[in-house]
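Shown here: work_17.txt, compact mmCIF, C-alpha atoms.
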```
# COMPACT_ATOMS: atom_id res chain seq x y z
CA GLY N 1 -70.97 222.98 10.88
CA ALA N 2 -74.50 224.00 11.71
CA VAL N 3 -77.20 221.36 11.43
CA VAL N 4 -80.79 221.74 10.38
CA SER N 5 -83.05 218.80 11.01
CA GLN N 6 -86.21 218.35 8.98
CA HIS N 7 -88.92 215.79 9.72
CA PRO N 8 -90.44 213.74 8.37
CA SER N 9 -88.26 212.73 5.44
CA TRP N 10 -91.27 211.45 3.57
CA VAL N 11 -94.97 211.29 4.14
CA ILE N 12 -97.88 209.75 2.30
CA CYS N 13 -101.33 211.03 3.15
CA LYS N 14 -104.87 210.91 1.91
CA SER N 15 -106.40 213.80 0.05
CA GLY N 16 -108.06 216.24 2.42
CA THR N 17 -105.81 215.62 5.40
CA SER N 18 -103.26 218.04 6.82
CA VAL N 19 -99.55 217.40 7.10
CA LYS N 20 -97.07 219.13 9.37
CA ILE N 21 -93.38 219.38 8.54
CA GLU N 22 -90.87 220.46 11.17
CA CYS N 23 -87.61 222.25 10.66
CA ARG N 24 -85.21 222.58 13.60
CA SER N 25 -81.87 224.26 13.92
CA LEU N 26 -79.97 221.97 16.26
CA ASP N 27 -76.92 223.95 17.28
CA PHE N 28 -77.64 227.56 16.45
CA GLN N 29 -80.40 230.09 16.71
CA ALA N 30 -82.08 230.69 13.39
CA THR N 31 -83.22 234.26 13.08
CA THR N 32 -84.78 233.51 9.73
CA MET N 33 -86.08 230.31 8.19
CA PHE N 34 -87.14 229.71 4.62
CA TRP N 35 -89.48 227.19 3.08
CA TYR N 36 -89.09 225.99 -0.49
CA ARG N 37 -90.87 223.71 -2.84
CA GLN N 38 -89.01 221.74 -5.46
CA PHE N 39 -90.36 219.76 -8.40
CA PRO N 40 -88.29 216.97 -9.96
CA LYS N 41 -85.20 218.24 -11.76
CA GLN N 42 -86.13 221.84 -11.10
CA SER N 43 -84.86 224.61 -8.90
CA LEU N 44 -86.05 225.61 -5.47
CA MET N 45 -89.09 227.83 -5.43
CA LEU N 46 -89.22 230.05 -2.36
CA MET N 47 -92.60 229.77 -0.69
CA ALA N 48 -92.20 231.92 2.38
CA THR N 49 -89.79 233.53 4.77
CA SER N 50 -90.40 233.29 8.48
CA ASN N 51 -88.85 235.27 11.30
CA GLU N 52 -89.20 234.13 14.88
CA GLY N 53 -92.18 235.66 16.61
CA SER N 54 -93.67 237.33 13.56
CA LYS N 55 -95.92 236.36 10.70
CA ALA N 56 -94.37 234.69 7.71
CA THR N 57 -93.91 236.59 4.48
CA TYR N 58 -95.32 234.61 1.59
CA GLU N 59 -94.19 234.79 -2.01
CA GLN N 60 -96.65 235.86 -4.63
CA GLY N 61 -98.94 233.03 -5.64
CA VAL N 62 -98.45 231.01 -2.46
CA GLU N 63 -101.67 230.57 -0.49
CA LYS N 64 -101.00 231.45 3.15
CA ASP N 65 -104.16 229.69 4.31
CA LYS N 66 -103.05 226.56 2.50
CA PHE N 67 -99.47 226.55 3.70
CA LEU N 68 -99.43 227.59 7.35
CA ILE N 69 -96.04 228.56 8.71
CA ASN N 70 -95.26 228.95 12.38
CA HIS N 71 -91.88 230.10 13.68
CA ALA N 72 -92.55 229.91 17.40
CA SER N 73 -88.94 229.81 18.57
CA LEU N 74 -85.45 230.55 17.32
CA THR N 75 -84.90 226.85 16.69
CA LEU N 76 -88.18 225.62 15.24
CA SER N 77 -90.34 226.43 12.26
CA THR N 78 -93.22 224.34 11.01
CA LEU N 79 -95.01 224.16 7.68
CA THR N 80 -98.51 222.71 7.68
CA VAL N 81 -100.05 221.78 4.37
CA THR N 82 -103.76 222.00 5.07
CA SER N 83 -106.37 219.95 3.24
CA ALA N 84 -103.70 218.44 1.03
CA HIS N 85 -104.50 217.48 -2.54
CA PRO N 86 -102.52 215.47 -5.09
CA GLU N 87 -101.22 218.67 -6.71
CA ASP N 88 -99.52 219.51 -3.39
CA SER N 89 -97.31 216.46 -3.83
CA SER N 90 -93.77 217.75 -3.98
CA PHE N 91 -90.41 217.93 -2.25
CA TYR N 92 -90.41 220.56 0.49
CA ILE N 93 -87.15 221.90 1.91
CA CYS N 94 -86.44 224.29 4.74
CA SER N 95 -83.35 226.35 5.33
CA ALA N 96 -82.16 228.52 8.16
CA SER N 97 -79.90 231.48 8.56
CA SER N 98 -78.10 232.53 11.71
CA SER N 99 -76.74 235.76 10.38
CA PRO N 100 -78.53 238.86 11.57
CA GLY N 101 -78.39 242.03 9.62
CA ARG N 102 -78.85 242.80 6.00
CA THR N 103 -76.84 240.09 4.33
CA LEU N 104 -77.46 236.37 4.05
CA GLU N 105 -74.08 234.76 3.96
CA LYS N 106 -74.90 231.10 4.23
CA LEU N 107 -77.98 228.98 4.44
CA PHE N 108 -78.17 225.64 6.19
CA PHE N 109 -80.66 223.25 4.68
CA GLY N 110 -82.78 220.48 6.03
CA SER N 111 -82.74 217.18 4.20
CA GLY N 112 -86.17 217.76 2.70
CA THR N 113 -89.59 216.13 2.94
CA GLN N 114 -91.13 214.23 0.07
CA LEU N 115 -94.91 214.62 0.31
CA SER N 116 -97.17 212.31 -1.66
CA VAL N 117 -100.89 212.97 -1.51
CA LEU N 118 -103.08 210.11 -2.70
CA SER J 119 -89.01 233.93 -8.71
CA GLN J 120 -85.63 232.78 -9.95
CA GLN J 121 -82.78 235.19 -10.40
CA GLY J 122 -79.93 233.12 -11.75
CA GLU J 123 -79.81 230.90 -14.75
CA GLU J 124 -77.26 228.17 -15.02
CA ASP J 125 -75.83 226.57 -18.08
CA PRO J 126 -75.52 223.94 -19.10
CA GLN J 127 -78.66 222.37 -17.68
CA ALA J 128 -76.91 219.02 -17.71
CA LEU J 129 -73.27 218.02 -17.98
CA SER J 130 -71.79 214.54 -18.28
CA ILE J 131 -68.05 214.00 -18.00
CA GLN J 132 -65.54 211.28 -17.24
CA GLU J 133 -63.85 210.98 -13.88
CA GLY J 134 -60.70 213.07 -13.78
CA GLU J 135 -61.98 215.72 -16.19
CA ASN J 136 -62.83 219.25 -15.14
CA ALA J 137 -66.41 220.46 -14.95
CA THR J 138 -67.39 224.07 -15.56
CA MET J 139 -70.81 225.46 -14.78
CA ASN J 140 -71.96 228.99 -15.44
CA CYS J 141 -74.51 231.22 -13.78
CA SER J 142 -75.94 234.49 -15.07
CA TYR J 143 -78.11 236.86 -13.10
CA LYS J 144 -80.06 240.02 -13.70
CA THR J 145 -79.70 242.49 -10.85
CA SER J 146 -76.94 243.82 -8.63
CA ILE J 147 -76.04 241.50 -5.77
CA ASN J 148 -74.28 241.49 -2.41
CA ASN J 149 -72.88 238.02 -2.87
CA LEU J 150 -73.23 234.90 -4.95
CA GLN J 151 -73.13 231.41 -3.53
CA TRP J 152 -72.90 227.94 -4.96
CA TYR J 153 -74.73 224.99 -3.46
CA ARG J 154 -74.76 221.30 -4.18
CA GLN J 155 -77.73 218.96 -3.95
CA ASN J 156 -77.60 215.20 -4.05
CA SER J 157 -80.77 213.61 -5.40
CA GLY J 158 -83.64 213.77 -2.92
CA ARG J 159 -81.63 215.66 -0.32
CA GLY J 160 -81.20 219.19 0.94
CA LEU J 161 -78.61 221.62 -0.34
CA VAL J 162 -75.09 221.98 0.96
CA HIS J 163 -73.25 225.27 0.84
CA LEU J 164 -70.05 225.09 -1.20
CA ILE J 165 -68.60 228.55 -1.53
CA LEU J 166 -69.51 232.23 -1.30
CA ILE J 167 -68.04 235.04 -3.35
CA ARG J 168 -68.75 238.65 -2.52
CA SER J 169 -69.54 241.30 -5.09
CA ASN J 170 -66.13 242.93 -4.63
CA GLU J 171 -64.27 239.65 -5.19
CA ARG J 172 -63.33 238.19 -8.55
CA GLU J 173 -62.12 234.69 -7.72
CA LYS J 174 -62.14 232.25 -4.83
CA HIS J 175 -60.79 228.78 -4.30
CA SER J 176 -61.80 225.99 -1.98
CA GLY J 177 -60.10 222.66 -2.48
CA ARG J 178 -60.97 221.46 -6.00
CA LEU J 179 -63.48 224.27 -6.44
CA ARG J 180 -62.77 227.55 -8.17
CA VAL J 181 -65.39 230.25 -8.45
CA THR J 182 -65.16 233.41 -10.50
CA LEU J 183 -67.45 236.41 -10.51
CA ASP J 184 -67.76 239.06 -13.21
CA THR J 185 -70.14 241.74 -11.98
CA SER J 186 -69.90 243.69 -15.23
CA LYS J 187 -71.30 240.70 -17.09
CA LYS J 188 -73.46 239.58 -14.17
CA SER J 189 -72.09 236.09 -14.37
CA SER J 190 -70.24 233.53 -12.31
CA SER J 191 -68.62 230.22 -13.02
CA LEU J 192 -67.92 227.18 -10.87
CA LEU J 193 -65.03 224.96 -11.86
CA ILE J 194 -64.58 221.53 -10.32
CA THR J 195 -61.16 220.13 -11.10
CA ALA J 196 -60.18 216.45 -11.27
CA SER J 197 -63.80 215.38 -10.91
CA ARG J 198 -64.81 212.24 -9.07
CA ALA J 199 -67.88 210.04 -9.36
CA ALA J 200 -68.91 211.36 -5.93
CA ASP J 201 -69.22 214.85 -7.45
CA THR J 202 -72.33 213.68 -9.28
CA ALA J 203 -75.09 216.03 -8.08
CA SER J 204 -77.03 219.14 -9.01
CA TYR J 205 -75.28 222.45 -8.54
CA PHE J 206 -77.15 225.69 -7.94
CA CYS J 207 -76.01 229.27 -7.84
CA ALA J 208 -77.80 231.62 -5.48
CA THR J 209 -77.68 235.39 -5.55
CA GLU J 210 -78.25 237.47 -2.45
CA ILE J 211 -79.33 241.05 -2.05
CA ASN J 212 -80.83 242.61 1.07
CA ASN J 213 -81.55 239.29 2.77
CA ASP J 214 -83.30 237.97 -0.29
CA MET J 215 -81.66 234.88 -1.77
CA ARG J 216 -82.75 233.40 -5.08
CA PHE J 217 -81.65 230.17 -6.68
CA GLY J 218 -80.94 229.41 -10.28
CA ALA J 219 -82.31 226.46 -12.20
CA GLY J 220 -79.27 224.32 -11.54
CA THR J 221 -76.84 222.19 -13.50
CA ARG J 222 -77.08 218.41 -13.21
CA LEU J 223 -73.56 217.05 -13.25
CA THR J 224 -72.88 213.37 -13.91
CA VAL J 225 -69.35 212.11 -13.46
CA LYS J 226 -68.84 208.69 -14.97
CA PRO J 227 -66.30 206.39 -13.29
```
Hey, can you dump this file as C-alpha cells for me?
Amino acid sequence: GAVVSQHPSWVICKSGTSVKIECRSLDFQATTMFWYRQFPKQSLMLMATSNEGSKATYEQGVEKDKFLINHASLTLSTLTVTSAHPEDSSFYICSASSSPGRTLEKLFFGSGTQLSVL
Amino acid sequence: SQQGEEDPQALSIQEGENATMNCSYKTSINNLQWYRQNSGRGLVHLILIRSNEREKHSGRLRVTLDTSKKSSSLLITASRAADTASYFCATEINNDMRFGAGTRLTVKP
C-alpha cells in the first residue's frame, strides 16, 4: 500500500524556537495533504489542507502565521511551528490523498510527530 | 470541527469476544470510513462504505451504514489482544473528511 513518511517522530525544543515537520508520500503523488493536531485520548483536529502549488486552507481558529504550511511538490508538505510555546506541545499528524476529483476515498497517514516545547 | 461521534468512548473485552463500535453523524455524506490508531502512531485505513451501501465485510471486520439514521457500526469478531487500539470513523463529503472522537478498545488476553 501507499506509504507516507513523517519526520521527525518526536522533537523537544525550547520556547521561542521554530520546528519544521516533513510529510512525504513515498510511492505516490499526493494531490492533497492534510495536517492534524491530536491531544491525548482525543480525536484528530484538522488544522489545514494543502494542495500542491497553492496556499494552504486553514481551519477556523488556526493561526496561519503560527503554523506555516508549504506544499512545494506532489510528494512533500512541511509544517513549521514558528516561535513555539509550551501550549503548542501536541501530537501532529499528516495525511495524504492521491485521489483527484471530488471524493476522498482513502487517506494515508504519517506516523505522527510528538512535539514537546519546554 | 468533528462530524461523527462514536460510542462507547471506551470498550474493554476479553480475547475472543466481539467488539461493536458505533458512529453517528449529522450531515449527508459521500462515504464513511473507519480507521485504527495504535497509541502514539498514525491512523491506518480499515474499510470504506459508500452512502449507497448498507454493509461491507473485510476479514473479521463488518461495517454497516444506515443513512436514514445517520449512523454506522463497526463489528470486530473474535477479537485478539492485537486489536487493542483506538478506532475512528470519518465521514467524507466534497473532499472534506472529518473524524469522530474515537472508541478506545482494549482486548484483554
Determine, counting only C-alpha atoms, which protein, DNA and RNA residues have an atom within 9 Å of an atom of stretch 128-134 of chain J; residues of the same chain fewer than 6 positions away are not included. Present the result as a PDB file with C-alpha atoms, in the coordinates of the input.
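Everything below was put into part07.pdb:
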```pdb
ATOM      1  CA  THR J 195     -61.160 220.130 -11.100  1.00  0.00           C
ATOM      2  CA  ALA J 196     -60.180 216.450 -11.270  1.00  0.00           C
ATOM      3  CA  SER J 197     -63.800 215.380 -10.910  1.00  0.00           C
ATOM      4  CA  ARG J 198     -64.810 212.240  -9.070  1.00  0.00           C
ATOM      5  CA  ALA J 199     -67.880 210.040  -9.360  1.00  0.00           C
ATOM      6  CA  SER J 204     -77.030 219.140  -9.010  1.00  0.00           C
ATOM      7  CA  GLY J 220     -79.270 224.320 -11.540  1.00  0.00           C
ATOM      8  CA  THR J 221     -76.840 222.190 -13.500  1.00  0.00           C
ATOM      9  CA  ARG J 222     -77.080 218.410 -13.210  1.00  0.00           C
ATOM     10  CA  LEU J 223     -73.560 217.050 -13.250  1.00  0.00           C
ATOM     11  CA  THR J 224     -72.880 213.370 -13.910  1.00  0.00           C
ATOM     12  CA  VAL J 225     -69.350 212.110 -13.460  1.00  0.00           C
ATOM     13  CA  LYS J 226     -68.840 208.690 -14.970  1.00  0.00           C
ATOM     14  CA  PRO J 227     -66.300 206.390 -13.290  1.00  0.00           C
TER      15      PRO J 227
END
```
Exercise answer, chain J residues close to chain N, 10 Å and all atoms listed in the file, as a ChimeraX atom specification: /J:119-120,123,127,148-153,155-168,204-206,209-222
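Our summary of the geometry notes that atom CA of J:Ser169 is positioned 6.5 Å from atom CA of J:Ile147.
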Given only C-alpha atoms as the counted atoms, nearest of J:Asn140, J:Ser186, J:Ser146, J:Ser191 to J:Lys174: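 Nearest candidate to J:Lys174 out of J:Asn140, J:Ser186, J:Ser146, J:Ser191: J:Ser191.
Close contacts of J:Ser190, defined as residues with an atom at most 9 Å away when counting only C-alpha atoms, with chain neighbours fewer than 4 positions off set aside, comprise Met139, Asn140, Cys141, Ser142, Tyr143, Leu150, Val181, Thr182, Leu183, Asp184, Thr185 and Cys207 of chain J.
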Close residues, stretch 178-180 of chain J itself excluded, 6 Å, all atoms listed in the file, min 2 positions apart in chain, as a PyMOL selection string: chain J and resi 174-176+192-195
Separation of atom CA of N:Phe39 from atom CA of N:Ser77 in Å: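 One can read the atom CA of N:Ser77 to atom CA of N:Phe39 distance as 21.7 Å.
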Atom CA of N:Ser116 to atom CA of N:Val3, distance in Å rounded to a single decimal: 25.5 Å
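Using all atoms listed in the file, the smallest distance between any of J:Asn170, J:Lys188, J:Asp125, J:Asp201 and J:Thr138 comes from J:Asp125.
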Pick from N:Ser25, N:Ala48, N:Lys55, N:Ala96, whichever lies nearest to N:Phe67 using all atoms listed in the file: N:Ala48
